[in-house]
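Peer 1: Structure supplied as work_15.cif; contents: mmCIF, C-alpha atoms and all ligand atoms.
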data_final
loop_
_atom_site.label_atom_id
_atom_site.label_comp_id
_atom_site.auth_asym_id
_atom_site.auth_seq_id
_atom_site.Cartn_x
_atom_site.Cartn_y
_atom_site.Cartn_z
CA MET A 244 33.24 -43.71 -23.86
CA ALA A 245 31.73 -40.33 -24.96
CA ALA A 246 33.92 -37.33 -25.68
CA ARG A 247 35.43 -35.76 -22.61
CA ARG A 248 34.66 -32.20 -21.64
CA MET A 249 38.07 -31.22 -20.35
CA ALA A 250 41.24 -32.74 -19.05
CA THR A 251 41.26 -33.11 -15.28
CA PRO A 252 43.95 -31.24 -13.37
CA SER A 253 47.06 -33.10 -12.28
CA SER A 254 46.50 -36.11 -10.01
CA ALA A 255 48.61 -34.51 -7.32
CA SER A 256 45.80 -32.01 -6.66
CA ASN A 257 43.09 -34.68 -6.41
CA VAL A 258 41.64 -35.18 -2.94
CA THR A 259 38.94 -37.83 -3.03
CA ILE A 260 36.58 -39.18 -0.39
CA VAL A 261 35.53 -42.79 -1.06
CA THR A 262 32.65 -44.02 1.10
CA GLY A 263 32.21 -47.71 1.84
CA ALA A 264 35.92 -48.11 1.14
CA SER A 265 36.65 -50.78 3.75
CA ARG A 266 35.87 -53.70 1.41
CA GLY A 267 34.26 -54.78 -1.86
CA ILE A 268 33.84 -52.29 -4.68
CA GLY A 269 34.81 -49.27 -2.55
CA LEU A 270 38.19 -50.75 -1.58
CA CYS A 271 38.90 -51.56 -5.25
CA ILE A 272 38.00 -47.98 -6.20
CA ALA A 273 40.31 -46.59 -3.52
CA LYS A 274 43.22 -48.73 -4.77
CA GLU A 275 42.55 -47.74 -8.38
CA LEU A 276 42.53 -44.04 -7.47
CA ALA A 277 45.58 -44.42 -5.23
CA VAL A 278 47.73 -45.66 -8.10
CA ARG A 279 46.52 -42.66 -10.09
CA GLY A 280 47.93 -40.36 -7.39
CA HIS A 281 44.81 -39.34 -5.45
CA ARG A 282 45.02 -38.42 -1.79
CA LEU A 283 42.21 -40.38 -0.18
CA LEU A 284 39.87 -40.32 2.78
CA LEU A 285 38.29 -43.74 3.29
CA VAL A 286 34.96 -43.83 5.15
CA ALA A 287 32.92 -46.72 6.59
CA ARG A 288 31.58 -47.75 10.01
CA ASP A 289 34.00 -50.49 11.07
CA ALA A 290 37.26 -48.83 12.18
CA ALA A 291 39.29 -52.06 12.26
CA ARG A 292 38.35 -53.03 8.69
CA LEU A 293 39.05 -49.47 7.58
CA ALA A 294 42.54 -49.61 9.10
CA THR A 295 43.28 -52.85 7.23
CA ALA A 296 41.94 -51.35 4.00
CA ALA A 297 44.00 -48.19 4.51
CA GLY A 298 47.12 -50.30 4.90
CA GLU A 299 46.45 -51.99 1.55
CA VAL A 300 45.80 -48.66 -0.16
CA ALA A 301 48.82 -46.97 1.41
CA ALA A 302 51.03 -49.78 0.09
CA THR A 303 50.69 -48.08 -3.32
CA GLY A 304 52.48 -45.05 -1.86
CA ALA A 305 49.33 -42.93 -1.72
CA ARG A 306 48.44 -40.60 1.15
CA VAL A 307 45.44 -42.15 2.97
CA GLU A 308 43.31 -41.13 5.94
CA THR A 309 40.34 -43.00 7.44
CA LEU A 310 37.19 -41.98 9.26
CA ALA A 311 34.78 -44.40 10.90
CA LEU A 312 31.21 -43.14 10.95
CA ASP A 313 27.68 -44.07 10.00
CA LEU A 314 26.64 -42.18 6.90
CA ARG A 315 22.95 -42.53 7.78
CA ASP A 316 23.69 -39.83 10.36
CA GLU A 317 22.77 -36.47 8.81
CA ALA A 318 25.90 -34.78 10.17
CA ALA A 319 28.33 -37.46 8.92
CA ALA A 320 29.08 -36.13 5.44
CA ALA A 321 29.97 -32.64 6.68
CA ALA A 322 32.22 -34.20 9.33
CA ALA A 323 33.99 -36.27 6.65
CA VAL A 324 34.53 -33.24 4.45
CA ALA A 325 35.97 -31.32 7.42
CA VAL A 326 38.43 -34.16 8.16
CA ALA A 327 39.51 -34.31 4.52
CA GLU A 328 40.04 -30.55 4.43
CA ARG A 329 42.11 -30.63 7.61
CA HIS A 330 44.39 -33.54 6.66
CA LEU A 331 44.44 -33.67 2.84
CA GLY A 332 42.95 -30.47 1.44
CA PRO A 333 39.48 -29.59 0.10
CA PRO A 334 37.89 -32.62 -1.62
CA THR A 335 37.89 -32.42 -5.42
CA ALA A 336 35.78 -35.58 -5.77
CA ILE A 337 33.35 -37.65 -3.71
CA VAL A 338 32.70 -41.29 -4.58
CA ASN A 339 29.38 -42.14 -2.89
CA ASN A 340 29.77 -45.91 -2.79
CA ALA A 341 28.67 -46.98 0.75
CA GLY A 342 25.61 -49.16 0.58
CA THR A 343 23.58 -51.98 1.99
CA ALA A 344 21.06 -54.01 0.01
CA PRO A 345 18.10 -55.15 2.11
CA SER A 346 16.10 -57.83 0.40
CA ASP A 347 12.65 -59.09 1.40
CA LYS A 348 9.10 -59.39 0.14
CA VAL A 349 7.08 -56.20 0.20
CA GLU A 350 4.95 -57.32 3.19
CA ASN A 351 8.14 -57.33 5.28
CA THR A 352 9.51 -54.05 3.94
CA THR A 353 8.92 -51.59 6.76
CA PRO A 354 8.92 -47.77 6.70
CA ALA A 355 12.06 -47.93 8.87
CA MET A 356 13.86 -50.08 6.25
CA LEU A 357 12.88 -47.61 3.55
CA ARG A 358 14.02 -44.62 5.63
CA GLU A 359 17.38 -46.23 6.48
CA THR A 360 18.05 -47.26 2.89
CA PHE A 361 17.18 -43.82 1.55
CA ALA A 362 19.30 -42.18 4.26
CA LEU A 363 22.38 -44.06 3.05
CA HIS A 364 21.87 -44.11 -0.74
CA VAL A 365 20.21 -40.70 -1.23
CA GLY A 366 20.59 -38.70 1.99
CA ALA A 367 24.36 -39.15 2.30
CA PRO A 368 25.13 -38.19 -1.34
CA LEU A 369 22.94 -35.08 -0.95
CA ALA A 370 24.71 -34.21 2.32
CA PHE A 371 28.12 -34.59 0.62
CA ALA A 372 26.96 -32.35 -2.21
CA ARG A 373 25.78 -29.71 0.27
CA ALA A 374 29.12 -29.83 2.10
CA CYS A 375 31.36 -29.75 -1.00
CA VAL A 376 29.59 -27.73 -3.64
CA PRO A 377 30.44 -24.26 -2.25
CA HIS A 378 34.17 -25.01 -2.42
CA MET A 379 33.88 -26.81 -5.77
CA LYS A 380 31.98 -23.86 -7.24
CA ALA A 381 34.64 -21.47 -6.01
CA ALA A 382 37.33 -23.69 -7.56
CA GLY A 383 35.32 -24.06 -10.78
CA ARG A 384 35.77 -27.84 -10.72
CA GLY A 385 34.73 -30.97 -8.86
CA CYS A 386 33.12 -34.35 -9.30
CA LEU A 387 30.31 -36.10 -7.43
CA LEU A 388 30.05 -39.74 -8.36
CA HIS A 389 27.25 -42.08 -7.23
CA LEU A 390 27.86 -45.84 -7.25
CA ALA A 391 24.29 -46.63 -8.26
CA SER A 392 23.07 -49.86 -9.88
CA THR A 393 20.91 -51.22 -12.65
CA ALA A 394 18.42 -51.37 -9.72
CA GLY A 395 18.32 -47.59 -10.29
CA LEU A 396 17.26 -48.15 -13.90
CA ARG A 397 14.90 -51.13 -13.69
CA GLY A 398 13.02 -53.21 -11.10
CA TYR A 399 14.13 -56.38 -9.31
CA ALA A 400 11.83 -58.59 -7.22
CA PHE A 401 12.15 -58.61 -3.41
CA THR A 402 14.18 -55.41 -3.29
CA SER A 403 11.56 -52.65 -3.08
CA ALA A 404 13.47 -50.46 -0.57
CA TYR A 405 16.81 -50.92 -2.36
CA THR A 406 15.40 -50.46 -5.87
CA ALA A 407 13.48 -47.33 -4.80
CA ALA A 408 16.61 -45.91 -3.12
CA LYS A 409 18.83 -46.63 -6.13
CA HIS A 410 16.27 -44.93 -8.41
CA GLY A 411 16.50 -42.01 -5.97
CA MET A 412 20.28 -42.05 -6.19
CA VAL A 413 20.17 -41.96 -9.99
CA GLY A 414 17.52 -39.22 -9.91
CA LEU A 415 19.64 -37.16 -7.53
CA ALA A 416 22.61 -37.52 -9.89
CA ARG A 417 20.50 -36.35 -12.85
CA ALA A 418 19.24 -33.29 -10.94
CA LEU A 419 22.71 -32.35 -9.65
CA HIS A 420 24.20 -32.89 -13.11
CA ALA A 421 21.67 -30.45 -14.61
CA GLU A 422 22.26 -27.92 -11.83
CA LEU A 423 26.02 -28.12 -11.35
CA ARG A 424 27.57 -28.87 -14.73
CA PRO A 425 27.41 -25.19 -15.75
CA ALA A 426 29.48 -24.47 -12.61
CA GLY A 427 32.19 -26.93 -13.69
CA ILE A 428 31.08 -29.74 -11.38
CA ASP A 429 30.50 -33.14 -13.01
CA VAL A 430 27.97 -35.56 -11.52
CA TYR A 431 27.70 -39.22 -12.50
CA ALA A 432 25.68 -42.31 -11.59
CA ILE A 433 27.56 -45.53 -12.42
CA CYS A 434 25.20 -48.49 -12.81
CA PRO A 435 26.58 -52.04 -12.64
CA GLY A 436 24.36 -55.10 -12.47
CA PHE A 437 25.10 -57.75 -9.82
CA VAL A 438 28.74 -57.65 -8.67
CA ASP A 439 30.60 -60.45 -6.90
CA SER A 440 31.01 -58.87 -3.44
CA ASP A 441 29.96 -59.31 0.20
CA ILE A 442 26.48 -57.88 -0.52
CA THR A 443 25.81 -60.46 -3.23
CA ARG A 444 27.29 -63.38 -1.28
CA ALA A 445 25.17 -62.39 1.76
CA ALA A 446 22.04 -62.24 -0.40
CA ALA A 447 22.79 -65.70 -1.81
CA ALA A 448 23.35 -67.02 1.72
CA ALA A 449 20.03 -65.49 2.86
CA ILE A 450 18.18 -67.23 0.02
CA ALA A 451 19.89 -70.50 0.94
CA ALA A 452 18.89 -70.04 4.59
CA ARG A 453 15.25 -69.79 3.50
CA GLY A 454 15.72 -73.18 1.80
CA LYS A 455 14.84 -71.90 -1.66
CA ALA A 456 18.14 -72.91 -3.30
CA THR A 457 21.75 -73.49 -2.44
CA ALA A 458 23.87 -70.38 -2.06
CA GLU A 459 25.70 -71.28 -5.28
CA GLN A 460 22.43 -71.69 -7.21
CA ALA A 461 21.18 -68.35 -5.87
CA PHE A 462 24.47 -66.71 -6.81
CA GLN A 463 24.29 -68.11 -10.36
CA ARG A 464 20.65 -66.97 -10.72
CA MET A 465 21.68 -63.44 -9.78
CA ALA A 466 24.52 -63.54 -12.29
CA ALA A 467 22.08 -64.68 -14.97
CA GLN A 468 19.95 -61.56 -14.37
CA ASN A 469 22.81 -59.41 -15.63
CA ARG A 470 22.45 -58.61 -19.31
CA ILE A 471 26.13 -59.44 -19.74
CA GLY A 472 25.23 -62.96 -18.47
CA ARG A 473 27.81 -63.06 -15.66
CA MET A 474 28.72 -61.25 -12.44
CA HIS A 475 30.65 -58.02 -12.73
CA THR A 476 33.91 -58.02 -10.81
CA PRO A 477 34.66 -55.26 -8.29
CA ALA A 478 37.83 -54.52 -10.27
CA GLU A 479 35.98 -53.77 -13.51
CA VAL A 480 33.53 -51.47 -11.68
CA ALA A 481 36.48 -49.69 -10.04
CA ALA A 482 38.21 -49.28 -13.41
CA ALA A 483 35.05 -47.71 -14.88
CA VAL A 484 34.77 -45.32 -11.93
CA ALA A 485 38.39 -44.23 -12.25
CA GLU A 486 38.04 -43.76 -16.01
CA VAL A 487 34.94 -41.58 -15.65
CA LEU A 488 36.53 -39.58 -12.85
CA HIS A 489 39.56 -38.84 -14.98
CA ASP A 490 38.03 -38.48 -18.45
CA ARG A 491 34.94 -36.49 -17.34
CA PRO A 492 32.75 -37.59 -20.29
CA ALA A 493 29.69 -35.51 -21.12
CA GLY A 494 26.97 -37.90 -19.87
CA CYS A 495 25.52 -38.54 -16.42
CA VAL A 496 24.11 -42.09 -16.11
CA TYR A 497 26.54 -44.83 -17.14
CA ASP A 498 25.10 -48.34 -17.65
CA LEU A 499 27.84 -50.95 -17.16
CA ASP A 500 25.55 -53.94 -17.74
CA ARG A 501 26.08 -53.96 -21.50
CA ASP A 502 28.59 -55.66 -23.74
CA GLU A 503 29.70 -52.09 -24.52
CA PRO A 504 29.08 -49.95 -21.38
CA ALA A 505 27.36 -46.69 -22.36
CA PHE A 506 25.87 -43.45 -21.09
CA VAL A 507 22.07 -43.72 -21.21
CA ASP A 508 21.72 -39.95 -20.62
N1 LIG B 601 27.38 -55.97 -5.08
C1 LIG B 601 26.51 -55.72 -6.05
O1 LIG B 601 25.94 -56.63 -6.69
C2 LIG B 601 26.21 -54.29 -6.43
C3 LIG B 601 25.60 -54.05 -7.67
C4 LIG B 601 25.32 -52.75 -8.04
C5 LIG B 601 25.61 -51.71 -7.16
N2 LIG B 601 26.19 -51.97 -5.97
C6 LIG B 601 26.47 -50.85 -5.06
O2 LIG B 601 27.86 -50.75 -4.87
C7 LIG B 601 28.12 -50.18 -3.58
C8 LIG B 601 29.16 -51.02 -2.86
O3 LIG B 601 28.64 -52.33 -2.72
P1 LIG B 601 29.55 -53.61 -2.39
O4 LIG B 601 28.95 -54.72 -3.15
O5 LIG B 601 30.99 -53.29 -2.50
O6 LIG B 601 29.14 -53.79 -0.83
P2 LIG B 601 29.96 -54.35 0.43
O7 LIG B 601 31.07 -55.24 0.00
O8 LIG B 601 28.93 -54.87 1.38
O9 LIG B 601 30.60 -53.01 1.03
C9 LIG B 601 29.75 -51.99 1.52
C10 LIG B 601 30.61 -50.88 2.10
O10 LIG B 601 29.74 -49.81 2.59
C11 LIG B 601 30.03 -49.58 3.97
N3 LIG B 601 28.80 -49.16 4.65
C12 LIG B 601 27.64 -49.85 4.71
N4 LIG B 601 26.74 -49.16 5.45
C13 LIG B 601 27.36 -48.00 5.85
C14 LIG B 601 26.95 -46.90 6.63
N5 LIG B 601 25.72 -46.83 7.18
N6 LIG B 601 27.81 -45.88 6.83
C15 LIG B 601 29.06 -45.95 6.30
N7 LIG B 601 29.51 -46.97 5.53
C16 LIG B 601 28.66 -47.99 5.32
C17 LIG B 601 30.59 -50.92 4.48
O11 LIG B 601 31.40 -50.81 5.62
P3 LIG B 601 30.80 -50.94 7.13
O12 LIG B 601 29.84 -52.10 7.10
O13 LIG B 601 31.98 -51.12 8.00
O14 LIG B 601 30.11 -49.64 7.37
C18 LIG B 601 31.45 -51.33 3.27
O15 LIG B 601 32.67 -50.63 3.28
C19 LIG B 601 26.76 -50.10 -2.87
O16 LIG B 601 26.25 -48.79 -2.96
C20 LIG B 601 25.89 -51.05 -3.67
O17 LIG B 601 24.52 -50.70 -3.62
C21 LIG B 601 26.52 -53.25 -5.58
#
Could you quickly redo this structure as structure tokens?
Ligand SMILES: NC(=O)c1ccc[n+]([C@@H]2O[C@H](COP(=O)([O-])OP(=O)(O)OC[C@H]3O[C@@H](n4cnc5c(N)ncnc54)[C@H](OP(=O)(O)O)[C@@H]3O)[C@@H](O)[C@H]2O)c1

Peer 2:
Amino acid sequence: MAARRMATPSSASNVTIVTGASRGIGLCIAKELAVRGHRLLLVARDAARLATAAGEVAATGARVETLALDLRDEAAAAAAVAVAERHLGPPTAIVNNAGTAPSDKVENTTPAMLRETFALHVGAPLAFARACVPHMKAAGRGCLLHLASTAGLRGYAFTSAYTAAKHGMVGLARALHAELRPAGIDVYAICPGFVDSDITRAAAAAIAARGKATAEQAFQRMAAQNRIGRMHTPAEVAAAVAEVLHDRPAGCVYDLDRDEPAFVD
């Protein structure tokens, strides 16, 4: 990994919001940060799944709060930041991980699908930035991290809304990085290829339902699209996120789908 800019302050002062933390990659990230001493606010829509996830994260001894809301709602990010401030302290990092991955041919990709996908992958990270940046600027430190994708770096068939939104997410990270780094705020886009999680299993099941292949064949075809030739695991993505969050390397866009993960800018 590239040279770090500065050591991060002690873990005890880290208050981190992880979105989409009820399962999959987000839950792994929350656990990874918990063992590093972060106080955490976990956000997703399903309150019951969040409570279960919080129990797993709290088992590490970390302080954990949850908030169930839909991040496509424009007011959601500010509400989450207010809850974190009240119960844990002002957020020092946001991990924008919540996501859905609609998949269909372009003829079936509606303006509503595009709007919803952009609201979650681009609108919510912008709303979190708007809510947190004033405090982070005053503190002279902070980190905004986008769980993007190689779909933010290249194109995949039958994913026009998702691929466009992930390019938007990466573009937002680049713009915020240029604007905020002089103020001491680091902004990153982490880009894995296909990861073995609910999103990928659901996509494989959808392909199987259309009779194009078995779910296992579809899953293996997705894995083969990764340059590393296999699925990423949620744990390795979470480890990369935690490393970047703590080391604060100088880059912005981190491509994990390489034998040696690297910053591409
Ligand atoms: N899996 C992959 O192959 C892959 C590859 C590259 C990048 N990524 C990215 O990694 C991130 C996590 O993906 P994953 O594979 O871990 O997915 P996942 O297992 O389906 O988990 C998605 C998480 O996001 C939450 N979420 C979804 N819509 C939400 C909304 N409107 N408001 C609030 N929370 C919402 C879900 O909880 P609720 O449903 O309860 O809200 C859940 O906690 C996504 O941004 C995805 O694009 C995934």

Peer 1: Given all atoms listed in the file as the basis, pick out the residue of A:Ala294, A:His378, A:Phe361, A:Leu419 nearest to Ala325 in chain A.

Peer 2: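 Answer, going by the shortest atom-to-atom distance: A:His378.
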
Peer 1: Taking only C-alpha atoms and all ligand atoms and a cut-off of 7 Å, can you tell me which residues surround ligand LIG 601 (chain B), written as JSON, numbers by chain?

Peer 2: {"A": [262, 263, 264, 265, 266, 267, 268, 269, 286, 287, 288, 289, 292, 312, 313, 314, 315, 340, 341, 342, 343, 344, 363, 364, 390, 391, 392, 393, 434, 435, 436, 437, 438, 439, 440, 441, 442, 443]}

Peer 1: Excluding range 478-484 of chain A and residues on its chain fewer than 2 positions from it, collect all residues at most 9 Å away from it, counting only C-alpha atoms, and give them as a PyMOL selection string.

Peer 2: chain A and resi 268-276+338+388+390+433-435+438+475-476+486-489+499

Peer 1: Would you kindly return, as a VMD selection string, each protein, DNA or RNA residue with an atom no farther than 12 Å from any atom of Gly304 in chain A, considering only C-alpha atoms and excluding same-chain residues fewer than 3 positions away?

Peer 2: chain A and resid 274 276 to 283 297 to 301 307

Peer 1: Looking at A:Thr360, A:Thr353, A:Ile337, A:Ile260, which one is nearest to Leu310 in chain A, with distances taken over only C-alpha atoms?

Peer 2: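 Nearest candidate to Leu310 in chain A out of A:Thr360, A:Thr353, A:Ile337, A:Ile260: A:Ile260.
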
Peer 1: When you draw a straight line from CA of Lys409 in chain A to CA of Leu396 in chain A, how long is it in Å?

Peer 2: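 One can read the CA of Lys409 in chain A to CA of Leu396 in chain A distance as 8.1 Å.
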
Peer 1: What are the centre and the three edge lengths of an axis-aligned box that wraps all atoms of range 474-479 of chain A in the file, given that 3 Å is added to every side, written as AutoDock Vina command-line options and rounded to one decimal in Å?

Peer 2:
--center_x 33.3 --center_y -57.5 --center_z -10.9 --size_x 15.1 --size_y 13.5 --size_z 11.2

Peer 1: Pick the closest to Gly332 in chain A from A:Arg397, A:Glu503, A:Tyr431, A:Asn257: which is it, counting only C-alpha atoms?

Peer 2: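 Of the candidates, the smallest distance to Gly332 in chain A is held by A:Asn257.
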
Peer 1: Have a look at A:Met379, A:Val507, A:Ala362, A:Ala493 and name the one nearest to Gly411 in chain A; count only C-alpha atoms.

Peer 2: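 Closest candidate: A:Ala362.
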
Peer 1: Mind pulling up the distance from CA of Gly395 in chain A to CA of Arg464 in chain A?

Peer 2: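 So the two atoms, CA of Arg464 in chain A and CA of Gly395 in chain A, lie 19.5 Å apart.
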